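Shown next: protein-v8.txt, given as compact mmCIF, C-alpha atoms.
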```txt
# COMPACT_ATOMS: atom_id res chain seq x y z
CA MET A 1 84.19 -5.84 233.58
CA ASP A 2 87.23 -4.72 231.63
CA PRO A 3 86.05 -2.59 228.62
CA ALA A 4 88.00 -4.68 226.13
CA MET A 5 86.56 -7.92 227.54
CA LEU A 6 83.05 -6.42 227.49
CA ALA A 7 83.42 -5.37 223.84
CA GLY A 8 84.79 -8.78 222.91
CA SER A 9 81.94 -10.60 224.62
CA ILE A 10 79.34 -8.47 222.86
CA LEU A 11 80.99 -9.11 219.50
CA VAL A 12 81.34 -12.87 219.86
CA ILE A 13 77.92 -13.53 221.41
CA GLY A 14 76.11 -10.97 219.25
CA ILE A 15 77.49 -12.20 215.92
CA ALA A 16 76.95 -15.88 216.79
CA LEU A 17 73.39 -15.27 218.03
CA LEU A 18 72.32 -13.18 215.03
CA ILE A 19 73.74 -15.73 212.56
CA LEU A 20 71.96 -18.57 214.37
CA ILE A 21 68.58 -16.82 214.18
CA GLY A 22 69.06 -16.19 210.46
CA ALA A 23 69.75 -12.45 210.43
CA PRO A 24 71.42 -11.06 207.29
CA ILE A 25 75.19 -11.36 207.59
CA ALA A 26 75.68 -7.58 207.26
CA VAL A 27 73.33 -7.04 210.21
CA ALA A 28 75.00 -9.83 212.19
CA ILE A 29 78.36 -8.09 211.71
CA GLY A 30 77.32 -4.43 211.95
CA LEU A 31 74.87 -4.37 214.85
CA PRO A 32 77.11 -6.07 217.47
CA SER A 33 80.00 -3.87 216.31
CA VAL A 34 78.04 -0.68 217.03
CA ILE A 35 76.73 -2.01 220.36
CA ALA A 36 80.26 -3.01 221.38
CA LEU A 37 81.50 0.49 220.59
CA ILE A 38 78.65 2.06 222.58
CA ALA A 39 79.51 -0.19 225.54
CA VAL A 40 83.10 1.06 225.73
CA LEU A 41 82.74 4.61 224.40
CA ASP A 42 80.07 7.22 224.92
CA ALA A 43 77.15 6.91 222.50
CA ASP A 44 78.04 9.97 220.42
CA SER A 45 81.64 8.88 219.94
CA ALA A 46 80.60 5.29 219.18
CA VAL A 47 78.14 6.34 216.47
CA PHE A 48 80.70 8.73 214.99
CA VAL A 49 83.44 6.08 214.92
CA ALA A 50 81.12 3.46 213.44
CA ALA A 51 79.89 5.81 210.70
CA GLN A 52 83.45 6.89 209.91
CA ARG A 53 84.72 3.30 209.67
CA ILE A 54 81.75 2.21 207.52
CA PHE A 55 82.42 5.06 205.11
CA THR A 56 86.19 4.63 204.94
CA GLY A 57 85.79 0.84 204.64
CA SER A 58 84.10 1.21 201.28
CA SER A 59 86.05 4.26 200.12
CA SER A 60 88.76 2.38 198.24
CA PHE A 61 89.85 2.58 194.62
CA THR A 62 90.73 -1.12 194.68
CA LEU A 63 87.16 -2.03 195.66
CA LEU A 64 85.87 -0.47 192.44
CA ALA A 65 87.14 -3.61 190.71
CA ILE A 66 84.38 -5.67 192.34
CA PRO A 67 81.31 -4.08 190.67
CA PHE A 68 83.05 -4.08 187.31
CA PHE A 69 84.08 -7.73 187.52
CA VAL A 70 80.54 -8.60 188.65
CA LEU A 71 79.17 -6.75 185.63
CA ALA A 72 81.66 -8.48 183.34
CA GLY A 73 80.50 -11.86 184.63
CA ASN A 74 76.84 -11.01 184.04
CA LEU A 75 77.64 -9.80 180.53
CA MET A 76 79.34 -13.14 179.89
CA ASN A 77 76.25 -15.01 181.05
CA SER A 78 74.11 -13.20 178.51
CA GLY A 79 76.62 -12.84 175.70
CA GLY A 80 77.10 -16.42 174.49
CA ILE A 81 80.57 -16.73 175.99
CA ALA A 82 79.70 -19.67 178.27
CA THR A 83 78.63 -21.92 175.38
CA ARG A 84 81.87 -21.31 173.47
CA LEU A 85 83.97 -22.04 176.55
CA ILE A 86 82.08 -25.30 177.14
CA ASP A 87 82.65 -26.35 173.51
CA ALA A 88 86.36 -25.57 173.91
CA ALA A 89 86.51 -27.65 177.09
CA LYS A 90 84.91 -30.55 175.23
CA VAL A 91 87.69 -30.42 172.64
CA LEU A 92 90.39 -30.39 175.34
CA VAL A 93 89.14 -33.39 177.36
CA GLY A 94 86.78 -35.16 174.94
CA ARG A 95 88.89 -38.33 174.72
CA LEU A 96 88.97 -39.04 178.46
CA PRO A 97 86.59 -41.59 180.05
CA GLY A 98 83.64 -39.60 181.32
CA SER A 99 84.38 -36.88 178.80
CA LEU A 100 81.26 -34.84 179.57
CA ALA A 101 82.09 -34.81 183.29
CA HIS A 102 85.64 -33.65 182.52
CA THR A 103 84.19 -31.09 180.13
CA ASN A 104 82.05 -29.76 182.97
CA VAL A 105 85.13 -29.38 185.21
CA VAL A 106 87.27 -27.63 182.59
CA ALA A 107 84.37 -25.43 181.46
CA ASN A 108 83.77 -24.27 185.04
CA ALA A 109 87.46 -23.45 185.37
CA LEU A 110 87.46 -21.49 182.10
CA PHE A 111 84.17 -19.72 182.78
CA GLY A 112 85.01 -19.05 186.40
CA SER A 113 88.39 -17.63 185.47
CA VAL A 114 86.75 -14.86 183.47
CA SER A 115 83.67 -14.35 185.66
CA GLY A 116 85.11 -14.99 189.13
CA ALA A 117 81.76 -16.25 190.45
CA ALA A 118 81.11 -19.84 191.54
CA VAL A 119 77.31 -19.56 191.54
CA ALA A 120 77.32 -18.01 188.06
CA SER A 121 79.56 -20.82 186.80
CA ALA A 122 77.37 -23.53 188.31
CA ALA A 123 74.27 -21.98 186.76
CA ALA A 124 75.68 -21.17 183.31
CA VAL A 125 77.72 -24.35 182.76
CA GLY A 126 75.20 -26.62 184.46
CA THR A 127 72.32 -25.34 182.35
CA THR A 128 74.23 -26.20 179.18
CA MET A 129 75.79 -29.48 180.34
CA ASN A 130 72.78 -31.04 182.08
CA PRO A 131 70.82 -31.96 178.90
CA ARG A 132 73.97 -33.35 177.24
CA GLN A 133 74.81 -35.53 180.24
CA ARG A 134 71.25 -36.86 180.51
CA ARG A 135 71.34 -37.89 176.84
CA GLU A 136 74.60 -39.79 177.51
CA GLY A 137 72.92 -41.70 180.37
CA TYR A 138 74.76 -40.00 183.24
CA ASP A 139 73.33 -40.40 186.73
CA PRO A 140 71.70 -36.97 187.33
CA ALA A 141 72.97 -36.78 190.91
CA PHE A 142 76.55 -37.55 189.86
CA ALA A 143 76.37 -35.04 187.01
CA ALA A 144 75.10 -32.36 189.37
CA ALA A 145 77.83 -33.24 191.90
CA VAL A 146 80.51 -32.79 189.23
CA ASN A 147 79.12 -29.37 188.38
CA VAL A 148 78.86 -28.34 192.04
CA ALA A 149 82.34 -29.57 192.95
CA SER A 150 84.10 -27.85 190.05
CA ALA A 151 82.26 -24.51 190.08
CA PRO A 152 84.28 -22.85 192.91
CA SER A 153 87.56 -23.22 190.99
CA GLY A 154 86.81 -19.82 189.44
CA MET A 155 87.06 -18.19 192.88
CA LEU A 156 90.72 -19.20 192.94
CA ILE A 157 91.63 -18.59 189.30
CA PRO A 158 91.81 -14.83 188.63
CA PRO A 159 90.19 -12.44 188.34
CA SER A 160 88.53 -13.25 191.67
CA ASN A 161 86.40 -10.89 193.75
CA THR A 162 87.16 -12.99 196.82
CA LEU A 163 90.89 -12.38 196.40
CA ILE A 164 90.23 -8.65 195.96
CA VAL A 165 88.42 -8.60 199.33
CA TYR A 166 91.30 -10.47 200.98
CA SER A 167 93.73 -8.01 199.43
CA LEU A 168 91.84 -5.13 201.01
CA VAL A 169 91.66 -6.57 204.51
CA SER A 170 95.24 -7.92 204.51
CA SER A 171 96.97 -5.04 202.65
CA THR A 172 98.52 -7.42 200.14
CA SER A 173 99.05 -7.00 196.40
CA VAL A 174 96.07 -7.85 194.19
CA ALA A 175 98.42 -8.71 191.32
CA ALA A 176 100.40 -11.13 193.52
CA LEU A 177 97.20 -12.79 194.75
CA PHE A 178 95.87 -13.13 191.21
CA VAL A 179 99.06 -14.79 189.97
CA ALA A 180 99.24 -17.00 193.07
CA GLY A 181 95.69 -18.24 192.49
CA TYR A 182 96.60 -20.33 189.44
CA GLY A 183 98.43 -23.00 191.47
CA PRO A 184 95.64 -23.74 193.99
CA GLY A 185 93.08 -23.38 191.19
CA LEU A 186 94.87 -26.11 189.22
CA VAL A 187 94.94 -28.31 192.33
CA TRP A 188 91.16 -27.89 192.65
CA VAL A 189 90.60 -28.85 189.00
CA LEU A 190 92.93 -31.87 189.18
CA ALA A 191 91.21 -33.10 192.36
CA CYS A 192 87.86 -33.13 190.54
CA ILE A 193 89.35 -34.83 187.48
CA ALA A 194 90.96 -37.52 189.67
CA VAL A 195 87.61 -38.36 191.27
CA ILE A 196 85.93 -38.64 187.85
CA LEU A 197 88.67 -40.95 186.54
CA LEU A 198 88.24 -43.20 189.59
CA ALA A 199 84.45 -43.14 189.19
CA ALA A 200 84.82 -44.17 185.53
CA ARG A 201 86.15 -47.53 186.68
CA ARG A 202 82.81 -48.46 188.26
CA ARG A 203 80.28 -46.31 186.39
CA THR A 204 79.54 -47.93 183.04
CA GLU A 205 78.02 -44.77 181.57
CA LEU A 206 81.38 -43.02 181.95
CA ARG A 207 83.37 -45.64 180.08
CA GLY A 208 81.68 -45.34 176.73
CA THR A 209 81.49 -41.56 176.33
CA THR A 210 84.82 -41.03 174.61
CA GLU A 211 84.54 -39.73 171.08
CA ARG A 212 86.90 -38.56 168.41
CA ILE A 213 86.32 -34.99 167.30
CA PRO A 214 87.46 -34.26 163.73
CA LEU A 215 90.55 -32.06 163.69
CA SER A 216 88.87 -29.38 161.59
CA VAL A 217 85.90 -29.19 163.98
CA ALA A 218 88.21 -29.08 167.00
CA ALA A 219 90.30 -26.29 165.48
CA MET A 220 87.22 -24.24 164.59
CA THR A 221 85.76 -24.70 168.09
CA LEU A 222 88.97 -23.52 169.76
CA VAL A 223 89.21 -20.55 167.40
CA LYS A 224 85.67 -19.50 168.35
CA ALA A 225 86.63 -19.66 172.04
CA VAL A 226 89.86 -17.67 171.66
CA PRO A 227 88.20 -14.23 171.96
CA ALA A 228 86.60 -15.26 175.28
CA ILE A 229 89.82 -16.70 176.69
CA LEU A 230 91.73 -13.66 175.44
CA MET A 231 90.10 -11.60 178.17
CA ILE A 232 92.21 -13.47 180.74
CA VAL A 233 95.35 -12.64 178.78
CA ILE A 234 94.39 -8.96 178.57
CA VAL A 235 93.52 -8.65 182.27
CA MET A 236 96.50 -10.57 183.66
CA GLY A 237 98.96 -9.40 181.01
CA GLY A 238 98.11 -5.76 181.66
CA LEU A 239 98.41 -6.23 185.42
CA LEU A 240 101.77 -7.97 185.26
CA ALA A 241 103.13 -5.48 182.71
CA GLY A 242 102.07 -2.61 184.94
CA MET A 243 99.89 -1.12 182.21
CA PHE A 244 96.89 -0.79 184.50
CA THR A 245 95.64 -1.54 188.01
CA ALA A 246 93.19 -4.26 189.03
CA THR A 247 90.36 -1.71 188.95
CA GLU A 248 91.29 -0.51 185.49
CA SER A 249 91.56 -4.10 184.29
CA ALA A 250 88.00 -4.70 185.53
CA VAL A 251 86.73 -1.77 183.47
CA ILE A 252 88.53 -3.15 180.42
CA ALA A 253 86.94 -6.56 181.09
CA VAL A 254 83.47 -4.97 181.07
CA ALA A 255 84.10 -3.17 177.79
CA TYR A 256 85.58 -6.31 176.24
CA CYS A 257 82.68 -8.58 177.32
CA PHE A 258 80.12 -6.02 176.11
CA ILE A 259 81.73 -5.74 172.67
CA LEU A 260 82.19 -9.51 172.42
CA GLY A 261 78.55 -10.13 173.30
CA LEU A 262 77.48 -7.76 170.52
CA VAL A 263 79.86 -9.41 168.05
CA TYR A 264 78.43 -12.85 168.94
CA ARG A 265 74.94 -11.31 168.46
CA GLU A 266 73.69 -12.88 171.68
CA LEU A 267 73.75 -9.73 173.81
CA HIS A 268 71.05 -7.17 173.08
CA LEU A 269 70.72 -3.61 174.33
CA LYS A 270 67.27 -4.41 175.73
CA ASP A 271 68.99 -6.89 178.09
CA MET A 272 71.22 -4.21 179.63
CA PRO A 273 68.80 -2.79 182.26
CA GLY A 274 68.33 -6.25 183.76
CA ILE A 275 72.07 -7.00 183.65
CA LEU A 276 72.92 -3.68 185.30
CA ALA A 277 70.25 -4.17 187.98
CA ALA A 278 71.50 -7.69 188.81
CA SER A 279 75.08 -6.42 188.99
CA ALA A 280 74.04 -3.54 191.25
CA ARG A 281 72.26 -5.89 193.67
CA THR A 282 75.28 -8.20 193.94
CA THR A 283 77.63 -5.24 194.36
CA ALA A 284 75.44 -3.71 197.06
CA VAL A 285 75.56 -6.90 199.11
CA VAL A 286 79.36 -7.18 198.87
CA MET A 287 80.03 -3.51 199.56
CA LEU A 288 77.71 -3.45 202.59
CA LEU A 289 79.60 -6.43 204.00
CA VAL A 290 82.93 -4.73 203.42
CA SER A 291 81.69 -1.49 205.01
CA VAL A 292 80.30 -2.97 208.23
CA SER A 293 83.33 -5.25 208.51
CA SER A 294 85.51 -2.16 208.72
CA ALA A 295 83.63 -1.16 211.87
CA LEU A 296 84.00 -4.72 213.12
CA GLY A 297 87.75 -4.58 212.52
CA TRP A 298 88.07 -1.43 214.63
CA ALA A 299 86.03 -3.02 217.42
CA LEU A 300 88.11 -6.21 217.24
CA SER A 301 91.31 -4.21 217.55
CA TYR A 302 89.95 -2.19 220.48
CA ALA A 303 88.92 -5.41 222.24
CA THR A 304 92.39 -6.91 221.48
CA ILE A 305 90.67 -10.05 220.21
CA PRO A 306 93.34 -10.87 217.58
CA GLU A 307 96.05 -10.69 220.24
CA THR A 308 93.98 -12.79 222.65
CA VAL A 309 93.29 -15.50 220.07
CA ALA A 310 96.95 -15.48 219.00
CA HIS A 311 98.10 -15.90 222.59
CA ALA A 312 95.59 -18.71 223.19
CA LEU A 313 96.56 -20.64 220.04
CA LEU A 314 100.29 -20.19 220.55
CA SER A 315 100.01 -21.32 224.16
CA LEU A 316 97.79 -24.26 223.18
CA ALA A 317 100.38 -25.72 220.84
CA ASP A 318 103.92 -24.91 219.81
CA SER A 319 103.70 -26.76 216.50
CA LYS A 320 103.22 -24.64 213.38
CA THR A 321 101.51 -27.56 211.66
CA LEU A 322 99.03 -28.09 214.48
CA ILE A 323 98.15 -24.40 214.75
CA LEU A 324 97.54 -24.13 211.01
CA LEU A 325 95.36 -27.25 211.13
CA ILE A 326 93.33 -25.76 213.99
CA MET A 327 92.78 -22.52 212.04
CA MET A 328 91.79 -24.41 208.90
CA ALA A 329 89.41 -26.63 210.88
CA VAL A 330 87.70 -23.54 212.32
CA LEU A 331 87.36 -22.04 208.84
CA LEU A 332 85.99 -25.30 207.41
CA VAL A 333 83.22 -25.21 210.03
CA VAL A 334 82.60 -21.48 209.49
CA GLY A 335 82.48 -21.97 205.72
CA THR A 336 79.57 -24.41 205.99
CA PHE A 337 77.21 -21.62 207.11
CA MET A 338 78.91 -18.38 206.01
CA ASP A 339 79.83 -17.09 202.55
CA PRO A 340 83.55 -16.56 201.80
CA THR A 341 83.40 -12.75 201.71
CA PRO A 342 82.14 -12.13 205.28
CA ALA A 343 84.24 -15.01 206.59
CA ILE A 344 87.39 -13.46 205.11
CA LEU A 345 86.46 -10.05 206.47
CA ILE A 346 85.91 -11.42 209.99
CA PHE A 347 88.66 -14.01 210.36
CA THR A 348 91.57 -12.57 208.38
CA PRO A 349 92.31 -9.86 210.99
CA ILE A 350 92.25 -12.58 213.66
CA PHE A 351 94.20 -15.38 211.97
CA LEU A 352 96.62 -13.55 209.66
CA PRO A 353 98.79 -12.09 212.49
CA ILE A 354 99.15 -15.61 213.90
CA ALA A 355 100.10 -17.01 210.51
CA GLU A 356 102.70 -14.28 210.04
CA GLN A 357 104.19 -15.08 213.46
CA LEU A 358 104.52 -18.67 212.24
CA GLY A 359 106.37 -17.49 209.14
CA VAL A 360 103.53 -18.00 206.65
CA ASP A 361 103.52 -15.51 203.77
CA PRO A 362 100.28 -13.43 203.64
CA ILE A 363 99.84 -14.33 199.95
CA HIS A 364 100.10 -18.04 200.73
CA PHE A 365 97.76 -17.69 203.70
CA GLY A 366 95.21 -15.84 201.58
CA LEU A 367 95.02 -18.71 199.09
CA MET A 368 94.79 -21.21 201.96
CA ILE A 369 91.80 -19.33 203.39
CA THR A 370 90.15 -18.93 200.00
CA PHE A 371 90.59 -22.60 199.09
CA ASN A 372 89.20 -23.56 202.49
CA LEU A 373 86.13 -21.33 202.25
CA CYS A 374 85.47 -22.42 198.66
CA ILE A 375 84.89 -25.90 200.07
CA GLY A 376 82.23 -24.36 202.31
CA THR A 377 80.28 -23.08 199.30
CA ILE A 378 79.57 -26.68 198.25
CA THR A 379 79.02 -28.10 201.74
CA PRO A 380 75.64 -28.32 203.51
CA PRO A 381 73.77 -26.88 205.28
CA VAL A 382 74.16 -23.46 203.59
CA GLY A 383 76.40 -24.09 200.56
CA ASN A 384 74.83 -21.85 197.93
CA VAL A 385 76.68 -23.49 195.02
CA LEU A 386 75.35 -26.87 196.17
CA PHE A 387 71.73 -25.75 196.02
CA VAL A 388 72.13 -23.90 192.73
CA GLY A 389 73.83 -26.93 191.17
CA ALA A 390 71.07 -29.26 192.38
CA LYS A 391 68.38 -26.94 191.04
CA VAL A 392 70.06 -26.58 187.66
CA GLY A 393 70.58 -30.36 187.51
CA GLU A 394 66.87 -30.89 188.28
CA VAL A 395 67.61 -33.30 191.13
CA ARG A 396 67.04 -33.31 194.89
CA VAL A 397 69.85 -32.09 197.13
CA GLU A 398 70.18 -35.30 199.17
CA PRO A 399 71.49 -37.57 196.36
CA VAL A 400 73.78 -34.79 195.18
CA ILE A 401 75.33 -34.60 198.64
CA ARG A 402 75.98 -38.37 198.60
CA ALA A 403 77.61 -38.14 195.17
CA LEU A 404 79.62 -35.13 196.34
CA VAL A 405 81.39 -36.93 199.21
CA PRO A 406 84.34 -38.29 197.12
CA PHE A 407 84.90 -34.80 195.70
CA LEU A 408 84.93 -33.29 199.20
CA ILE A 409 87.53 -35.85 200.31
CA ALA A 410 89.71 -35.09 197.29
CA LEU A 411 89.39 -31.33 197.87
CA MET A 412 90.36 -31.75 201.54
CA ILE A 413 93.50 -33.50 200.36
CA GLY A 414 94.04 -30.63 197.93
CA LEU A 415 93.72 -28.14 200.80
CA LEU A 416 96.43 -29.99 202.73
CA LEU A 417 98.69 -29.87 199.67
CA VAL A 418 98.16 -26.13 199.31
CA MET A 419 98.79 -25.65 203.04
CA PHE A 420 102.00 -27.62 203.33
CA ILE A 421 103.56 -27.13 199.90
CA PRO A 422 103.93 -23.34 199.68
CA GLN A 423 105.53 -23.60 196.25
CA ILE A 424 102.12 -24.45 194.77
CA THR A 425 101.03 -20.91 195.63
CA MET A 426 104.28 -18.97 195.65
CA PHE A 427 106.09 -20.31 192.56
CA LEU A 428 104.35 -18.19 189.92
CA PRO A 429 104.44 -14.92 191.90
CA GLY A 430 108.17 -15.46 192.29
CA VAL A 431 108.61 -16.15 188.58
CA PHE A 432 106.72 -12.99 187.58
CA GLY A 433 108.35 -10.87 190.26
CA VAL A 434 105.12 -9.61 191.87
CA LEU A 435 106.08 -10.40 195.45
CA SER A 436 106.81 -7.34 197.56
```

What does the file become when written as structure tokens?
Amino acid sequence: MDPAMLAGSILVIGIALLILIGAPIAVAIGLPSVIALIAVLDADSAVFVAAQRIFTGSSSFTLLAIPFFVLAGNLMNSGGIATRLIDAAKVLVGRLPGSLAHTNVVANALFGSVSGAAVASAAAVGTTMNPRQRREGYDPAFAAAVNVASAPSGMLIPPSNTLIVYSLVSSTSVAALFVAGYGPGLVWVLACIAVILLAARRRTELRGTTERIPLSVAAMTLVKAVPAILMIVIVMGGLLAGMFTATESAVIAVAYCFILGLVYRELHLKDMPGILAASARTTAVVMLLVSVSSALGWALSYATIPETVAHALLSLADSKTLILLIMMAVLLVVGTFMDPTPAILIFTPIFLPIAEQLGVDPIHFGLMITFNLCIGTITPPVGNVLFVGAKVGEVRVEPVIRALVPFLIALMIGLLLVMFIPQITMFLPGVFGVLS
């Protein structure tokens, strides 16, 4: 058998088999990569190449942003920032039918935009919103579905660890990806709001929840939330002004969240060991995935798999629209059982060259992939945000899935809009001049 074909077969069969039997994703990526290299090189060379790629894959200054943004998100969880953002969201959308549901959506967008983590948003916002919604008579399954559906918006709105990973594997600008994320992030939020407004027409508990907040109370609530929201201004403003890199902005975010938590008097020094340990565990998982995916990338290139897939897709159809739909359909399926980070690391080297041949900008394609895989985080059977949201909402997963269906339909429509209207993604990067 041709060495390249042998390596490709080992990679495809090995990764699929290990994922199916429930092996950790890092093992499912790393082990077949090493075996594929051994099959086409001598054992000593294969081990040397694999070790070298694993080391160089994680030896990146840009990747240092990930542990710091993770730590910043955990500091926010413990520092009283989530509650103030939720109160601010209530002021912004409190007059709409189903105000608490809209508050949940906007709060997830605000919290996610400064933590970058969908699971953290679902847990933090859901824990606070669930008792309020129960008191208003909301259906628990619907309330949980709102929280689940809106939580991934923070993976699109910067700072986003997912976009940092895509930046690494695609060699694109982190600043451009961050700015581009606002458009698709807004589409995600509006899709959730549209579903709630439609639901308010048939759910009686959503019609009577509007309330007028006194102007003085609203002003005070927004003032209290300003310091939390200011972190976004500092991070993005510094990046766009060229004052610091994405990694340096992450360090600033950590310092800012730490000081803010102390000022709010809800973060205590005795909490820090637990916060640091949780951040280290999350970082270790992400960095191991990035490291072994570097070895996978080398093996993929040696086996000419990206070129083979590109040739197959381009020969299958000559329509740009059809090819993009096929790629997005594959990623939708993959996203139902694989987290966004490993999926981006595996499929970007395969699909991005095809997209570039079709004239799709790498920045635009990155947001298409991220939007697509965010849908996977709320879709059974493995959607981690789905299960966290159901647990926080104190309801079984099955009714949450039923209530989630309209949101999934709306988000699919949103994905099509992001795919076929590039201006949604590319307008702001063009305005701020961050496109290379």

Would you mind listing, for every residue of region 125-176 of chain A within 9 Å of region 109-112 of chain A, the two atoms forming the shortest contact and the distance between them in Å to one decimal, using only C-alpha atoms, sorted by chain and ascending residue number, as JSON lines?
```
{"residue": "A:Val125", "atom": "CA", "partner": "A:Phe111", "partner_atom": "CA", "distance": 7.9}
{"residue": "A:Ser150", "atom": "CA", "partner": "A:Ala109", "partner_atom": "CA", "distance": 7.2}
{"residue": "A:Ala151", "atom": "CA", "partner": "A:Ala109", "partner_atom": "CA", "distance": 7.1}
{"residue": "A:Pro152", "atom": "CA", "partner": "A:Gly112", "partner_atom": "CA", "distance": 7.6}
{"residue": "A:Ser153", "atom": "CA", "partner": "A:Ala109", "partner_atom": "CA", "distance": 5.6}
{"residue": "A:Gly154", "atom": "CA", "partner": "A:Gly112", "partner_atom": "CA", "distance": 3.6}
{"residue": "A:Met155", "atom": "CA", "partner": "A:Gly112", "partner_atom": "CA", "distance": 6.9}
{"residue": "A:Leu156", "atom": "CA", "partner": "A:Gly112", "partner_atom": "CA", "distance": 8.7}
{"residue": "A:Ile157", "atom": "CA", "partner": "A:Gly112", "partner_atom": "CA", "distance": 7.2}
{"residue": "A:Pro158", "atom": "CA", "partner": "A:Gly112", "partner_atom": "CA", "distance": 8.3}
{"residue": "A:Pro159", "atom": "CA", "partner": "A:Gly112", "partner_atom": "CA", "distance": 8.6}
{"residue": "A:Ser160", "atom": "CA", "partner": "A:Gly112", "partner_atom": "CA", "distance": 8.6}
```

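Between Leu352 (chain A) and the residues A:Ala241, A:Ala250, A:Ser167, A:Val395, the shortest atom-to-atom distance, using all atoms listed in the file, involves A:Ser167.
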
Inset, instruction - Do a neighbour search on Val434 (chain A) at 6 Å with all atoms listed in the file, toss out local chain neighbours closer than 2 positions, and write the hits as number ranges by chain. - result: A: 176, 429, 432

Taking 5 positions as the minimum chain separation for residues in the same chain, which residues sit within 6 Å of region 100-107 of chain A when counting only C-alpha atoms? Answer as a short mmCIF file (atom, residue, chain, number, x, y, z; two decimals) with C-alpha atoms, in the frame of the given file.
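Output saved as part_9.cif:
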```cif
data_model
loop_
_atom_site.label_atom_id
_atom_site.label_comp_id
_atom_site.auth_asym_id
_atom_site.auth_seq_id
_atom_site.Cartn_x
_atom_site.Cartn_y
_atom_site.Cartn_z
CA LEU A 85 83.97 -22.04 176.55
CA ILE A 86 82.08 -25.30 177.14
CA ALA A 89 86.51 -27.65 177.09
CA LYS A 90 84.91 -30.55 175.23
CA SER A 150 84.10 -27.85 190.05
#
```

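Distances from A:Leu186, A:Ile259, A:Ile421, A:Ile350 to Thr304 (chain A) were compared using only C-alpha atoms, and the smallest one belongs to A:Ile350.
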
Inset, instruction - Tell me, as a count of residues only, which residues lie within 7 Å of region 51-60 of chain A, counting only C-alpha atoms; anything in the same chain fewer than 6 positions away does not count. - result: 6

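Reported to one decimal place, the separation of CA of Cys374 (chain A) from CA of Leu300 (chain A) is 24.8 Å.
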
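Excluding Cys257 (chain A) and any residue on its chain fewer than 4 positions from it, the residues at most 9 Å away by all atoms listed in the file are A:Ala72, A:Gly73, A:Leu75, A:Met76, A:Gly79, A:Ile81, A:Ala228, A:Met231, A:Ile252, A:Ala253, A:Gly261, A:Leu262.
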
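Residue nearest Pro24 (chain A) within the list A:Leu314, A:Met327, A:Leu289, A:Gly430: A:Leu289 [criterion: smallest interatomic distance, all atoms listed in the file].
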
Inset, instruction - Considering only C-alpha atoms, state which residue in the set A:Val235, A:Ile346, A:Val119, A:Val382 is at the smallest distance from Ile15 (chain A). - result: A:Ile346

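Closest approach to Val400 (chain A) from the set A:Ile305, A:Val34, A:Ala145, A:Leu415 is made by A:Ala145, with distances taken over only C-alpha atoms.
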
Legend entry - Pairwise distance for CA of Ala219 (chain A) and CA of Met129 (chain A), rounded to one decimal in Å: 21.0 Å

Inset, instruction - Give the answer as one residue: which of A:Thr62, A:Gln357, A:Ser9, A:Ser45 has the shortest atom-to-atom distance to Leu168 (chain A), using all atoms listed in the file? - result: A:Thr62

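The residues that lie within 6 Å of the point (83.4, -2.4, 225.2), counting only C-alpha atoms, are Pro3, Ala4, Leu6, Ala7, Ala36, Leu37, Ala39 and Val40 of chain A.
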
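Taking CA of Ala141 (chain A) and CA of Ala118 (chain A) as endpoints, the distance between them is 18.8 Å.
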
Near-Ala390 (chain A) list (7 Å; all atoms listed in the file; drop same-chain fewer than 6 positions) as a CSV table (one decimal) with C-alpha atoms, keeping the file's coordinate frame:
```csv
chain,number,residue,atom,x,y,z
A,144,ALA,CA,75.1,-32.4,189.4
A,396,ARG,CA,67.0,-33.3,194.9
A,397,VAL,CA,69.8,-32.1,197.1
A,400,VAL,CA,73.8,-34.8,195.2
```

Inset, instruction - Could you please give me, as a ChimeraX atom specification, the residues of protein, DNA or RNA lying at most 6 Å from (85.6, -34.4, 188.3) in the coordinate frame of the file, considering only C-alpha atoms? - result: /A:102,105,146,192-193,195-196
